[in-house]
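**Student:** Sharing final13.cif, mmCIF, C-alpha atoms:
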```cif
data_data
#
loop_
_atom_site.group_PDB
_atom_site.id
_atom_site.type_symbol
_atom_site.label_atom_id
_atom_site.label_comp_id
_atom_site.auth_asym_id
_atom_site.auth_seq_id
_atom_site.Cartn_x
_atom_site.Cartn_y
_atom_site.Cartn_z
ATOM 1 C CA MET Z 677 -14.175 12.318 -23.855
ATOM 2 C CA SER Z 678 -12.465 9.309 -25.418
ATOM 3 C CA ASP Z 679 -14.679 6.882 -27.321
ATOM 4 C CA LYS Z 680 -12.848 3.891 -25.818
ATOM 5 C CA ARG Z 681 -15.175 1.649 -23.841
ATOM 6 C CA ILE Z 682 -13.403 0.864 -20.563
ATOM 7 C CA LEU Z 683 -14.036 -1.867 -18.036
ATOM 8 C CA PHE Z 684 -12.517 -0.905 -14.671
ATOM 9 C CA ALA Z 685 -11.492 -3.647 -12.240
ATOM 10 C CA GLY Z 686 -10.696 -2.756 -8.645
ATOM 11 C CA THR Z 687 -11.840 -3.378 -5.091
ATOM 12 C CA PRO Z 688 -10.432 -1.286 -2.191
ATOM 13 C CA GLU Z 689 -10.538 2.427 -1.405
ATOM 14 C CA ILE Z 690 -7.171 3.087 -3.069
ATOM 15 C CA ALA Z 691 -8.808 2.540 -6.493
ATOM 16 C CA VAL Z 692 -11.813 4.851 -6.000
ATOM 17 C CA PRO Z 693 -10.249 8.198 -7.047
ATOM 18 C CA LEU Z 694 -8.943 6.637 -10.270
ATOM 19 C CA LEU Z 695 -12.368 5.220 -11.097
ATOM 20 C CA GLU Z 696 -13.931 8.632 -10.502
ATOM 21 C CA LYS Z 697 -11.382 10.358 -12.724
ATOM 22 C CA LEU Z 698 -11.712 7.777 -15.496
ATOM 23 C CA ALA Z 699 -15.496 8.149 -15.409
ATOM 24 C CA SER Z 700 -15.124 11.881 -16.045
ATOM 25 C CA SER Z 701 -12.732 11.455 -18.987
ATOM 26 C CA PHE Z 702 -13.634 8.136 -20.627
ATOM 27 C CA ASN Z 703 -16.613 5.933 -21.323
ATOM 28 C CA VAL Z 704 -16.483 3.509 -18.387
ATOM 29 C CA VAL Z 705 -19.078 0.889 -19.340
ATOM 30 C CA GLY Z 706 -18.728 -1.315 -16.296
ATOM 31 C CA VAL Z 707 -16.924 -2.015 -13.037
ATOM 32 C CA LEU Z 708 -15.667 -5.449 -12.040
ATOM 33 C CA THR Z 709 -15.102 -5.846 -8.320
ATOM 34 C CA SER Z 710 -15.014 -8.470 -5.589
ATOM 35 C CA PRO Z 711 -18.212 -9.803 -3.997
ATOM 36 C CA ASP Z 712 -19.574 -8.159 -0.861
ATOM 37 C CA ALA Z 713 -17.712 -9.565 2.142
ATOM 38 C CA PRO Z 714 -18.916 -10.124 5.722
ATOM 39 C CA GLN Z 715 -17.283 -7.806 8.231
ATOM 40 C CA GLY Z 716 -17.323 -7.172 11.963
ATOM 41 C CA ARG Z 717 -18.901 -9.298 14.640
ATOM 42 C CA SER Z 718 -22.258 -9.248 12.906
ATOM 43 C CA ARG Z 719 -20.695 -10.664 9.721
ATOM 44 C CA VAL Z 720 -23.086 -8.537 7.675
ATOM 45 C CA PRO Z 721 -21.934 -8.392 4.008
ATOM 46 C CA VAL Z 722 -20.375 -5.031 3.143
ATOM 47 C CA ALA Z 723 -19.909 -3.704 -0.376
ATOM 48 C CA PRO Z 724 -16.328 -3.009 -1.467
ATOM 49 C CA PRO Z 725 -15.517 0.712 -1.838
ATOM 50 C CA VAL Z 726 -15.243 0.493 -5.633
ATOM 51 C CA LYS Z 727 -18.779 -0.918 -5.846
ATOM 52 C CA THR Z 728 -20.113 1.931 -3.724
ATOM 53 C CA ALA Z 729 -18.331 4.478 -5.924
ATOM 54 C CA ALA Z 730 -19.666 2.854 -9.089
ATOM 55 C CA GLY Z 731 -23.173 3.142 -7.693
ATOM 56 C CA ARG Z 732 -22.710 6.877 -7.170
ATOM 57 C CA LEU Z 733 -21.475 7.159 -10.747
ATOM 58 C CA ASN Z 734 -24.336 5.051 -12.163
ATOM 59 C CA ILE Z 735 -21.898 2.534 -13.668
ATOM 60 C CA PRO Z 736 -22.996 -1.126 -13.955
ATOM 61 C CA VAL Z 737 -21.271 -3.393 -11.425
ATOM 62 C CA LEU Z 738 -20.176 -6.998 -11.960
ATOM 63 C CA GLN Z 739 -19.184 -9.219 -8.999
ATOM 64 C CA PHE Z 740 -17.902 -12.769 -9.300
ATOM 65 C CA ASP Z 741 -16.076 -15.191 -7.033
ATOM 66 C CA SER Z 742 -13.923 -16.328 -9.956
ATOM 67 C CA ILE Z 743 -13.104 -14.959 -13.401
ATOM 68 C CA ARG Z 744 -14.434 -17.832 -15.498
ATOM 69 C CA THR Z 745 -17.182 -18.492 -18.047
ATOM 70 C CA GLU Z 746 -19.950 -16.587 -16.287
ATOM 71 C CA ALA Z 747 -17.748 -13.571 -15.676
ATOM 72 C CA ARG Z 748 -16.433 -13.572 -19.234
ATOM 73 C CA SER Z 749 -19.959 -13.678 -20.634
ATOM 74 C CA ALA Z 750 -21.096 -10.760 -18.481
ATOM 75 C CA VAL Z 751 -18.055 -8.687 -19.412
ATOM 76 C CA SER Z 752 -18.373 -9.514 -23.112
ATOM 77 C CA ALA Z 753 -21.976 -8.282 -23.082
ATOM 78 C CA LEU Z 754 -20.702 -4.820 -22.161
ATOM 79 C CA GLU Z 755 -18.534 -4.776 -25.320
ATOM 80 C CA PRO Z 756 -15.493 -3.142 -23.673
ATOM 81 C CA ASP Z 757 -12.431 -2.128 -25.690
ATOM 82 C CA VAL Z 758 -10.011 -1.673 -22.804
ATOM 83 C CA LEU Z 759 -9.450 -3.103 -19.327
ATOM 84 C CA VAL Z 760 -7.932 -0.940 -16.579
ATOM 85 C CA THR Z 761 -7.150 -2.614 -13.250
ATOM 86 C CA PHE Z 762 -6.003 -1.228 -9.929
ATOM 87 C CA ALA Z 763 -5.856 -3.411 -6.808
ATOM 88 C CA PHE Z 764 -8.419 -5.895 -8.063
ATOM 89 C CA GLY Z 765 -6.935 -8.888 -6.273
ATOM 90 C CA LYS Z 766 -7.507 -11.679 -8.807
ATOM 91 C CA ILE Z 767 -5.502 -13.131 -11.702
ATOM 92 C CA PHE Z 768 -6.896 -12.803 -15.234
ATOM 93 C CA GLY Z 769 -6.464 -15.672 -17.657
ATOM 94 C CA PRO Z 770 -5.809 -15.448 -21.412
ATOM 95 C CA ARG Z 771 -9.458 -15.994 -22.362
ATOM 96 C CA PHE Z 772 -10.540 -13.081 -20.235
ATOM 97 C CA LEU Z 773 -7.784 -10.786 -21.516
ATOM 98 C CA SER Z 774 -8.712 -11.626 -25.106
ATOM 99 C CA LEU Z 775 -11.997 -9.738 -24.615
ATOM 100 C CA PHE Z 776 -10.193 -6.389 -24.825
ATOM 101 C CA ARG Z 777 -9.146 -5.571 -28.370
ATOM 102 C CA ASP Z 778 -7.391 -2.306 -27.453
ATOM 103 C CA GLY Z 779 -5.424 -3.570 -24.504
ATOM 104 C CA ALA Z 780 -5.441 -4.341 -20.798
ATOM 105 C CA PHE Z 781 -3.577 -2.080 -18.384
ATOM 106 C CA ASN Z 782 -2.599 -2.478 -14.742
ATOM 107 C CA VAL Z 783 -1.647 0.153 -12.189
ATOM 108 C CA HIS Z 784 1.104 -1.034 -9.825
ATOM 109 C CA PRO Z 785 2.680 1.087 -7.024
ATOM 110 C CA SER Z 786 6.347 0.267 -7.585
ATOM 111 C CA ALA Z 787 9.157 0.741 -10.083
ATOM 112 C CA LEU Z 788 8.707 -2.624 -11.779
ATOM 113 C CA PRO Z 789 10.305 -5.169 -11.856
ATOM 114 C CA VAL Z 790 10.919 -4.223 -8.200
ATOM 115 C CA PHE Z 791 8.242 -5.441 -5.772
ATOM 116 C CA ARG Z 792 6.060 -7.508 -8.041
ATOM 117 C CA GLY Z 793 3.261 -8.919 -5.925
ATOM 118 C CA ALA Z 794 0.751 -8.066 -3.248
ATOM 119 C CA SER Z 795 2.410 -5.488 -0.966
ATOM 120 C CA PRO Z 796 4.454 -2.980 -2.994
ATOM 121 C CA ILE Z 797 3.518 0.000 -0.822
ATOM 122 C CA GLN Z 798 4.559 -1.717 2.410
ATOM 123 C CA TYR Z 799 7.796 -2.945 0.844
ATOM 124 C CA THR Z 800 8.607 0.502 -0.497
ATOM 125 C CA ILE Z 801 8.616 1.682 3.120
ATOM 126 C CA LEU Z 802 10.283 -1.436 4.554
ATOM 127 C CA SER Z 803 13.146 -1.154 2.073
ATOM 128 C CA GLY Z 804 13.867 2.445 2.997
ATOM 129 C CA LEU Z 805 13.381 3.703 -0.549
ATOM 130 C CA ARG Z 806 13.539 7.478 -0.834
ATOM 131 C CA GLU Z 807 11.403 7.574 -3.948
ATOM 132 C CA GLY Z 808 7.984 6.102 -4.635
ATOM 133 C CA THR Z 809 6.840 5.038 -8.099
ATOM 134 C CA ILE Z 810 3.572 4.156 -9.828
ATOM 135 C CA SER Z 811 3.836 2.052 -12.991
ATOM 136 C CA LEU Z 812 1.227 1.756 -15.730
ATOM 137 C CA GLN Z 813 1.876 -1.553 -17.416
ATOM 138 C CA THR Z 814 0.380 -4.010 -19.851
ATOM 139 C CA LEU Z 815 -1.599 -6.611 -17.953
ATOM 140 C CA GLY Z 816 -0.121 -9.998 -18.785
ATOM 141 C CA GLU Z 817 -0.662 -13.539 -17.595
ATOM 142 C CA GLY Z 818 2.352 -13.522 -15.254
ATOM 143 C CA MET Z 819 2.303 -11.575 -12.015
ATOM 144 C CA ASP Z 820 3.166 -7.934 -12.806
ATOM 145 C CA GLU Z 821 5.381 -9.010 -15.710
ATOM 146 C CA GLY Z 822 3.855 -6.836 -18.440
ATOM 147 C CA ALA Z 823 5.637 -4.093 -20.365
ATOM 148 C CA ILE Z 824 5.776 -0.582 -18.895
ATOM 149 C CA TRP Z 825 4.015 2.317 -20.626
ATOM 150 C CA LYS Z 826 4.654 5.151 -18.214
ATOM 151 C CA THR Z 827 5.794 5.745 -14.638
ATOM 152 C CA ASP Z 828 5.194 8.461 -12.078
ATOM 153 C CA SER Z 829 7.927 8.920 -9.448
ATOM 154 C CA PHE Z 830 7.849 11.125 -6.350
ATOM 155 C CA GLU Z 831 10.049 11.906 -3.376
ATOM 156 C CA LEU Z 832 9.471 10.279 0.000
ATOM 157 C CA SER Z 833 10.240 12.007 3.307
ATOM 158 C CA GLY Z 834 10.641 8.907 5.468
ATOM 159 C CA LYS Z 835 7.623 9.957 7.560
ATOM 160 C CA GLU Z 836 5.106 8.006 5.478
ATOM 161 C CA ASN Z 837 3.334 4.976 6.876
ATOM 162 C CA THR Z 838 1.313 2.492 4.839
ATOM 163 C CA GLN Z 839 -1.885 4.439 5.433
ATOM 164 C CA THR Z 840 -0.553 7.818 4.313
ATOM 165 C CA LEU Z 841 1.465 6.424 1.404
ATOM 166 C CA THR Z 842 -1.588 4.510 0.186
ATOM 167 C CA GLU Z 843 -3.569 7.757 0.237
ATOM 168 C CA CYS Z 844 -0.765 9.480 -1.674
ATOM 169 C CA VAL Z 845 -0.587 6.731 -4.314
ATOM 170 C CA SER Z 846 -4.363 6.785 -4.679
ATOM 171 C CA LYS Z 847 -4.432 10.531 -5.430
ATOM 172 C CA ARG Z 848 -1.408 10.457 -7.708
ATOM 173 C CA ALA Z 849 -2.730 7.495 -9.709
ATOM 174 C CA ALA Z 850 -5.969 9.399 -10.313
ATOM 175 C CA GLY Z 851 -3.978 12.219 -11.881
ATOM 176 C CA PHE Z 852 -1.308 10.191 -13.651
ATOM 177 C CA VAL Z 853 -3.150 7.234 -15.200
ATOM 178 C CA PRO Z 854 -5.896 9.019 -17.220
ATOM 179 C CA GLU Z 855 -3.330 11.287 -18.879
ATOM 180 C CA ALA Z 856 -1.067 8.326 -19.605
ATOM 181 C CA LEU Z 857 -3.961 6.410 -21.172
ATOM 182 C CA LYS Z 858 -4.797 9.365 -23.414
ATOM 183 C CA ASP Z 859 -1.189 9.430 -24.629
ATOM 184 C CA ILE Z 860 -1.295 5.677 -25.276
ATOM 185 C CA PHE Z 861 -4.577 5.832 -27.193
ATOM 186 C CA GLU Z 862 -3.251 8.734 -29.289
ATOM 187 C CA GLY Z 863 -0.049 6.836 -30.101
ATOM 188 C CA LYS Z 864 2.196 9.323 -28.297
ATOM 189 C CA VAL Z 865 4.004 6.736 -26.173
ATOM 190 C CA GLN Z 866 5.410 3.259 -26.697
ATOM 191 C CA SER Z 867 5.788 0.506 -24.126
ATOM 192 C CA ARG Z 868 9.127 -0.901 -22.977
ATOM 193 C CA GLU Z 869 9.966 -4.253 -21.508
ATOM 194 C CA GLN Z 870 10.841 -4.392 -17.841
ATOM 195 C CA SER Z 871 14.555 -4.396 -17.094
ATOM 196 C CA GLY Z 872 16.705 -4.677 -14.003
ATOM 197 C CA GLU Z 873 16.712 -6.893 -10.943
ATOM 198 C CA ILE Z 874 13.408 -8.611 -10.205
ATOM 199 C CA SER Z 875 12.030 -8.781 -6.674
ATOM 200 C CA TYR Z 876 8.765 -10.060 -5.234
ATOM 201 C CA CYS Z 877 6.687 -9.129 -2.221
ATOM 202 C CA GLY Z 878 4.069 -11.312 -0.596
ATOM 203 C CA LYS Z 879 1.239 -10.342 1.697
ATOM 204 C CA ILE Z 880 2.284 -8.650 4.911
ATOM 205 C CA GLY Z 881 1.296 -10.568 8.050
ATOM 206 C CA ARG Z 882 1.923 -10.686 11.744
ATOM 207 C CA GLU Z 883 5.180 -12.591 11.254
ATOM 208 C CA GLU Z 884 6.714 -9.436 9.733
ATOM 209 C CA SER Z 885 5.613 -7.178 12.592
ATOM 210 C CA ARG Z 886 7.796 -8.330 15.525
ATOM 211 C CA LEU Z 887 10.496 -5.760 16.298
ATOM 212 C CA ASP Z 888 14.129 -6.765 16.848
ATOM 213 C CA PHE Z 889 16.058 -3.979 18.558
ATOM 214 C CA THR Z 890 19.408 -5.520 17.666
ATOM 215 C CA LYS Z 891 18.776 -4.109 14.185
ATOM 216 C CA ARG Z 892 19.612 -0.575 13.091
ATOM 217 C CA ALA Z 893 17.246 2.199 14.169
ATOM 218 C CA SER Z 894 16.481 3.102 10.560
ATOM 219 C CA GLU Z 895 15.307 -0.470 9.863
ATOM 220 C CA LEU Z 896 12.912 -0.453 12.820
ATOM 221 C CA HIS Z 897 11.745 3.060 11.932
ATOM 222 C CA ALA Z 898 10.751 1.765 8.491
ATOM 223 C CA GLN Z 899 9.205 -1.427 9.867
ATOM 224 C CA ILE Z 900 6.963 0.460 12.283
ATOM 225 C CA ARG Z 901 5.748 2.763 9.525
ATOM 226 C CA ALA Z 902 5.192 -0.117 7.091
ATOM 227 C CA MET Z 903 3.110 -2.065 9.622
ATOM 228 C CA TYR Z 904 0.687 0.778 10.298
ATOM 229 C CA PRO Z 905 -2.303 0.629 10.362
ATOM 230 C CA TRP Z 906 -2.096 -3.188 10.109
ATOM 231 C CA PRO Z 907 -0.840 -5.494 11.513
ATOM 232 C CA LYS Z 908 1.029 -2.973 13.718
ATOM 233 C CA ALA Z 909 4.621 -3.498 14.828
ATOM 234 C CA TYR Z 910 5.040 -4.914 18.309
ATOM 235 C CA ALA Z 911 7.619 -5.756 20.946
ATOM 236 C CA LEU Z 912 7.433 -7.679 24.209
ATOM 237 C CA HIS Z 913 7.679 -6.340 27.764
ATOM 238 C CA ASP Z 914 7.604 -8.827 30.643
ATOM 239 C CA GLY Z 915 6.125 -11.350 28.240
ATOM 240 C CA GLY Z 916 3.259 -9.103 27.161
ATOM 241 C CA GLU Z 917 2.843 -7.403 23.809
ATOM 242 C CA ILE Z 918 3.126 -3.674 23.281
ATOM 243 C CA TYR Z 919 2.357 -2.160 19.887
ATOM 244 C CA ILE Z 920 4.575 0.604 18.540
ATOM 245 C CA THR Z 921 2.431 2.599 16.128
ATOM 246 C CA SER Z 922 4.358 5.777 15.322
ATOM 247 C CA VAL Z 923 7.916 7.131 15.356
ATOM 248 C CA TRP Z 924 9.504 10.556 15.276
ATOM 249 C CA GLY Z 925 11.321 12.029 12.299
ATOM 250 C CA GLY Z 926 12.019 11.119 8.710
ATOM 251 C CA PHE Z 927 15.068 10.311 6.605
ATOM 252 C CA ARG Z 928 16.840 13.581 7.400
ATOM 253 C CA GLU Z 929 16.323 13.277 11.135
ATOM 254 C CA MET Z 930 17.408 9.635 11.159
ATOM 255 C CA ASP Z 931 20.541 10.455 9.171
ATOM 256 C CA GLU Z 932 21.431 13.211 11.648
ATOM 257 C CA GLU Z 933 20.740 11.174 14.793
ATOM 258 C CA PRO Z 934 24.111 10.553 16.531
ATOM 259 C CA LEU Z 935 25.463 7.103 17.191
ATOM 260 C CA LEU Z 936 25.034 5.686 20.680
ATOM 261 C CA GLU Z 937 28.183 6.340 22.684
ATOM 262 C CA SER Z 938 27.727 3.681 25.375
ATOM 263 C CA ASP Z 939 27.175 -0.047 25.155
ATOM 264 C CA VAL Z 940 23.482 -0.241 26.003
ATOM 265 C CA LYS Z 941 21.381 -3.366 25.673
ATOM 266 C CA PRO Z 942 19.188 -2.999 22.565
ATOM 267 C CA GLY Z 943 15.573 -2.419 23.523
ATOM 268 C CA THR Z 944 16.410 -0.382 26.633
ATOM 269 C CA VAL Z 945 14.498 2.866 27.102
ATOM 270 C CA VAL Z 946 17.307 5.401 27.512
ATOM 271 C CA SER Z 947 15.589 8.753 27.182
ATOM 272 C CA PHE Z 948 12.281 10.619 27.295
ATOM 273 C CA ARG Z 949 12.032 13.872 25.344
ATOM 274 C CA LYS Z 950 8.860 15.922 25.105
ATOM 275 C CA ASP Z 951 9.790 17.074 21.580
ATOM 276 C CA ARG Z 952 10.573 13.582 20.266
ATOM 277 C CA GLY Z 953 9.205 10.712 22.306
ATOM 278 C CA ILE Z 954 10.418 7.670 24.158
ATOM 279 C CA GLY Z 955 14.008 6.882 23.172
ATOM 280 C CA VAL Z 956 14.837 3.189 22.749
ATOM 281 C CA ALA Z 957 18.362 1.934 22.096
ATOM 282 C CA CYS Z 958 18.926 -0.012 18.879
ATOM 283 C CA SER Z 959 22.179 -1.488 17.584
ATOM 284 C CA ASP Z 960 23.458 1.875 16.384
ATOM 285 C CA LYS Z 961 21.193 4.776 17.360
ATOM 286 C CA ILE Z 962 18.167 5.786 19.414
ATOM 287 C CA LEU Z 963 14.728 5.153 17.963
ATOM 288 C CA TRP Z 964 12.194 7.749 19.104
ATOM 289 C CA ILE Z 965 8.734 6.262 19.647
ATOM 290 C CA ASN Z 966 5.823 8.691 19.827
ATOM 291 C CA ALA Z 967 2.717 6.473 19.879
ATOM 292 C CA LEU Z 968 2.017 3.151 21.582
ATOM 293 C CA GLN Z 969 -0.851 0.778 22.276
ATOM 294 C CA LEU Z 970 -1.503 -2.082 24.655
ATOM 295 C CA PRO Z 971 -3.684 -5.002 23.494
ATOM 296 C CA SER Z 972 -7.427 -4.210 23.686
ATOM 297 C CA ARG Z 973 -6.625 -0.596 24.556
ATOM 298 C CA ARG Z 974 -6.715 2.527 22.433
ATOM 299 C CA GLU Z 975 -3.655 3.953 20.731
ATOM 300 C CA MET Z 976 -2.031 6.762 22.726
ATOM 301 C CA ASP Z 977 0.626 9.415 22.189
ATOM 302 C CA PHE Z 978 3.792 8.760 24.174
ATOM 303 C CA LYS Z 979 3.082 11.425 26.842
ATOM 304 C CA SER Z 980 -0.382 10.066 27.619
ATOM 305 C CA PHE Z 981 0.925 6.499 27.567
ATOM 306 C CA ALA Z 982 3.739 7.319 30.003
ATOM 307 C CA ASN Z 983 1.350 9.102 32.342
ATOM 308 C CA GLY Z 984 -0.691 5.925 32.746
ATOM 309 C CA ASN Z 985 2.184 3.460 32.392
ATOM 310 C CA ALA Z 986 5.148 4.869 34.291
ATOM 311 C CA TRP Z 987 7.079 1.603 33.825
ATOM 312 C CA ILE Z 988 7.763 2.501 30.216
ATOM 313 C CA ARG Z 989 10.426 5.028 31.266
ATOM 314 C CA GLU Z 990 12.640 2.221 32.596
ATOM 315 C CA ALA Z 991 11.505 -0.621 30.367
ATOM 316 C CA VAL Z 992 13.564 -3.052 28.311
ATOM 317 C CA LEU Z 993 11.650 -4.053 25.204
ATOM 318 C CA GLU Z 994 12.360 -7.341 23.484
#
```
Could you render the structure from this file as structure tokens?

**Tutor:**
Amino acid sequence: MSDKRILFAGTPEIAVPLLEKLASSFNVVGVLTSPDAPQGRSRVPVAPPVKTAAGRLNIPVLQFDSIRTEARSAVSALEPDVLVTFAFGKIFGPRFLSLFRDGAFNVHPSALPVFRGASPIQYTILSGLREGTISLQTLGEGMDEGAIWKTDSFELSGKENTQTLTECVSKRAAGFVPEALKDIFEGKVQSREQSGEISYCGKIGREESRLDFTKRASELHAQIRAMYPWPKAYALHDGGEIYITSVWGGFREMDEEPLLESDVKPGTVVSFRKDRGIGVACSDKILWINALQLPSRREMDFKSFANGNAWIREAVLE
């Protein structure tokens, strides 16, 4: 076990496997996470997943609304050498970063400087990238601007949605980051400045989830996957919303899908195949939808949905 004293900062479930792995290989002296937040109709405060995991691991937990004097004092009392962050959700200032004599490191799920910001996993899918990347970088004052120490890249199939890709990144980070930190602490690797075209990604919201069938099928395929499980992609039918939650195929299947031969209005349901789903015309090809949901109803596979909503077979989605 390394003698480095590590403070881990993270909040959601994606960061839990990395915390667990770090705790088994390093001296994690504390966990910094967001305050408990009210959830559901009862608005009862619920602990963030990282706090719950820290409790299982018997690691002291620090929770603050802002990273200022009180937070700095509490962190300083733990005498950490290193900060490791993954999906913490707050910006660290220079005074806070100065507490860590052996460095501050951030885990970011993109090939930086691509997709700096809040939603790199969703934008990886939205952009149709065929490779995912996790970057271990120096944590600087600017958003995701720090130098890169190591990266982990992996092939994407085009079947991932935000939920499954988040789970994949979570597991891979737990394997990749501890080994990379060991190499850094042993002087086996040097950092490099970011290079290439810079892009930013903000938080995904409902405004990104409306489907436009005049676009290419591959674009909508990616959008539907990126919007699941939230906020869920949707279209309109007779003025009402219908959520499209899953699609058939991946990159290979989309590449092989033939072009539409006739001039069909985009959004028109043109086919129903038991092995694929409900076929909707886009600007170039058919998009095969295999799961749908009406507001306040449960999500259904396309066969079950069609059995209870026969109109879908002749619908025009907008």

**Student:** Once the PyMOL selection byres ((chain Z and resi 906) around 9) is applied to the coordinates I shared, what remains selected? I want it as a PyMOL selection string.

**Tutor:** chain Z and resi 838-839+880-882+902-905+907-909

**Student:** Can you turn the PyMOL selection byres ((chain Z and resi 693) around 10) into a concrete residue list for this file, as an MDAnalysis selection string?

**Tutor:** chainID Z and resid 689:692 694:699 726 729 843 846:851

**Student:** Taking the file as I've supplied it (selection: the PyMOL selection byres ((chain Z and resi 825) around 10)), which residues are included? Please answer as a ChimeraX atom specification.

**Tutor:** /Z:781,811-814,822-824,826-827,856-857,859-860,865-870

**Student:** Keeping C-alpha atoms for every residue in the selection just given, could you write it to a file as a PDB file, in the frame of the given file?

**Tutor:**
```pdb
ATOM      1  CA  PHE Z 781      -3.577  -2.080 -18.384  1.00  0.00           C
ATOM      2  CA  SER Z 811       3.836   2.052 -12.991  1.00  0.00           C
ATOM      3  CA  LEU Z 812       1.227   1.756 -15.730  1.00  0.00           C
ATOM      4  CA  GLN Z 813       1.876  -1.553 -17.416  1.00  0.00           C
ATOM      5  CA  THR Z 814       0.380  -4.010 -19.851  1.00  0.00           C
ATOM      6  CA  GLY Z 822       3.855  -6.836 -18.440  1.00  0.00           C
ATOM      7  CA  ALA Z 823       5.637  -4.093 -20.365  1.00  0.00           C
ATOM      8  CA  ILE Z 824       5.776  -0.582 -18.895  1.00  0.00           C
ATOM      9  CA  LYS Z 826       4.654   5.151 -18.214  1.00  0.00           C
ATOM     10  CA  THR Z 827       5.794   5.745 -14.638  1.00  0.00           C
ATOM     11  CA  ALA Z 856      -1.067   8.326 -19.605  1.00  0.00           C
ATOM     12  CA  LEU Z 857      -3.961   6.410 -21.172  1.00  0.00           C
ATOM     13  CA  ASP Z 859      -1.189   9.430 -24.629  1.00  0.00           C
ATOM     14  CA  ILE Z 860      -1.295   5.677 -25.276  1.00  0.00           C
ATOM     15  CA  VAL Z 865       4.004   6.736 -26.173  1.00  0.00           C
ATOM     16  CA  GLN Z 866       5.410   3.259 -26.697  1.00  0.00           C
ATOM     17  CA  SER Z 867       5.788   0.506 -24.126  1.00  0.00           C
ATOM     18  CA  ARG Z 868       9.127  -0.901 -22.977  1.00  0.00           C
ATOM     19  CA  GLU Z 869       9.966  -4.253 -21.508  1.00  0.00           C
ATOM     20  CA  GLN Z 870      10.841  -4.392 -17.841  1.00  0.00           C
TER      21      GLN Z 870
END
```

**Student:** Need to verify the contact set: Leu935 of chain Z, 10 Å, all atoms listed in the file, exclusion of same-chain residues closer than 6 positions in sequence. Can you return it as a list of chain:residue names?

**Tutor:**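 Counting all atoms listed in the file, the residues come to Z:Cys958, Z:Ser959, Z:Asp960, Z:Lys961, Z:Ile962.
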
**Student:** Please indicate the distance in Å from atom CA of Asn703 of chain Z to atom CA of Phe852 of chain Z, rounded to one decimal place.

**Tutor:** 17.6 Å

**Student:** Excluding same-chain residues fewer than 4 positions from segment 792-794 of chain Z, what lies within 6 Å of it counting all atoms listed in the file, as a list in words?

**Tutor:**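 The neighbour list is Asp820, Tyr876, Cys877, Gly878 and Lys879 of chain Z.
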
**Student:** Taking 4 positions as the minimum chain separation for residues in the same chain, which residues sit within 12 Å of Gly925 of chain Z when counting all atoms listed in the file? Answer as number ranges by chain.

**Tutor:** Z: 833-837, 893-894, 897-898, 901, 929-933, 951-953, 962-966

**Student:** May I have the protein, DNA and RNA residues with an atom at most 8 Å from (6.6, -8.9, 14.4), counting all atoms listed in the file in the file's coordinates, returned as a PyMOL selection string?

**Tutor:** chain Z and resi 882-887+909-911

**Student:** Take the residues from that selection and write them out as a compact mmCIF listing (two decimals), in the frame of the given file, keeping C-alpha atoms.

**Tutor:**
```
# COMPACT_ATOMS: atom_id res chain seq x y z
CA ARG Z 882 1.92 -10.69 11.74
CA GLU Z 883 5.18 -12.59 11.25
CA GLU Z 884 6.71 -9.44 9.73
CA SER Z 885 5.61 -7.18 12.59
CA ARG Z 886 7.80 -8.33 15.52
CA LEU Z 887 10.50 -5.76 16.30
CA ALA Z 909 4.62 -3.50 14.83
CA TYR Z 910 5.04 -4.91 18.31
CA ALA Z 911 7.62 -5.76 20.95
```

**Student:** Dump as a PyMOL selection string all residues having an atom at most 12 Å from (7.2, -5.0, 24.9), computed in the file's coordinates with only C-alpha atoms.

**Tutor:** chain Z and resi 886-889+909-920+943-945+956+968-971+987-988+990-994

**Student:** Would you write out those residues with C-alpha atoms, as a tab-separated table (two decimals), in the frame of the given file?

**Tutor:**
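Dumped to result_23.tsv:
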```
chain	number	residue	atom	x	y	z
Z	886	ARG	CA	7.80	-8.33	15.52
Z	887	LEU	CA	10.50	-5.76	16.30
Z	888	ASP	CA	14.13	-6.76	16.85
Z	889	PHE	CA	16.06	-3.98	18.56
Z	909	ALA	CA	4.62	-3.50	14.83
Z	910	TYR	CA	5.04	-4.91	18.31
Z	911	ALA	CA	7.62	-5.76	20.95
Z	912	LEU	CA	7.43	-7.68	24.21
Z	913	HIS	CA	7.68	-6.34	27.76
Z	914	ASP	CA	7.60	-8.83	30.64
Z	915	GLY	CA	6.12	-11.35	28.24
Z	916	GLY	CA	3.26	-9.10	27.16
Z	917	GLU	CA	2.84	-7.40	23.81
Z	918	ILE	CA	3.13	-3.67	23.28
Z	919	TYR	CA	2.36	-2.16	19.89
Z	920	ILE	CA	4.58	0.60	18.54
Z	943	GLY	CA	15.57	-2.42	23.52
Z	944	THR	CA	16.41	-0.38	26.63
Z	945	VAL	CA	14.50	2.87	27.10
Z	956	VAL	CA	14.84	3.19	22.75
Z	968	LEU	CA	2.02	3.15	21.58
Z	969	GLN	CA	-0.85	0.78	22.28
Z	970	LEU	CA	-1.50	-2.08	24.66
Z	971	PRO	CA	-3.68	-5.00	23.49
Z	987	TRP	CA	7.08	1.60	33.83
Z	988	ILE	CA	7.76	2.50	30.22
Z	990	GLU	CA	12.64	2.22	32.60
Z	991	ALA	CA	11.50	-0.62	30.37
Z	992	VAL	CA	13.56	-3.05	28.31
Z	993	LEU	CA	11.65	-4.05	25.20
Z	994	GLU	CA	12.36	-7.34	23.48
```

**Student:** Would you mind listing what lies within 8 Å of Phe762 of chain Z as a list in words, with only C-alpha atoms counted and same-chain residues fewer than 4 positions away left out?

**Tutor:** Ala685, Gly686, Thr687, Ala691, Asn782, Val783 and His784 of chain Z

**Student:** Would you compute an axis-aligned box for segment 754-769 of chain Z, covering every atom listed for it in the file with 6 Å of margin on each side, and report centre and edge lengths in Å to one decimal as AutoDock Vina command-line options?

**Tutor:**
```
--center_x -13.1 --center_y -8.3 --center_z -16.0 --size_x 27.2 --size_y 26.7 --size_z 31.4
```
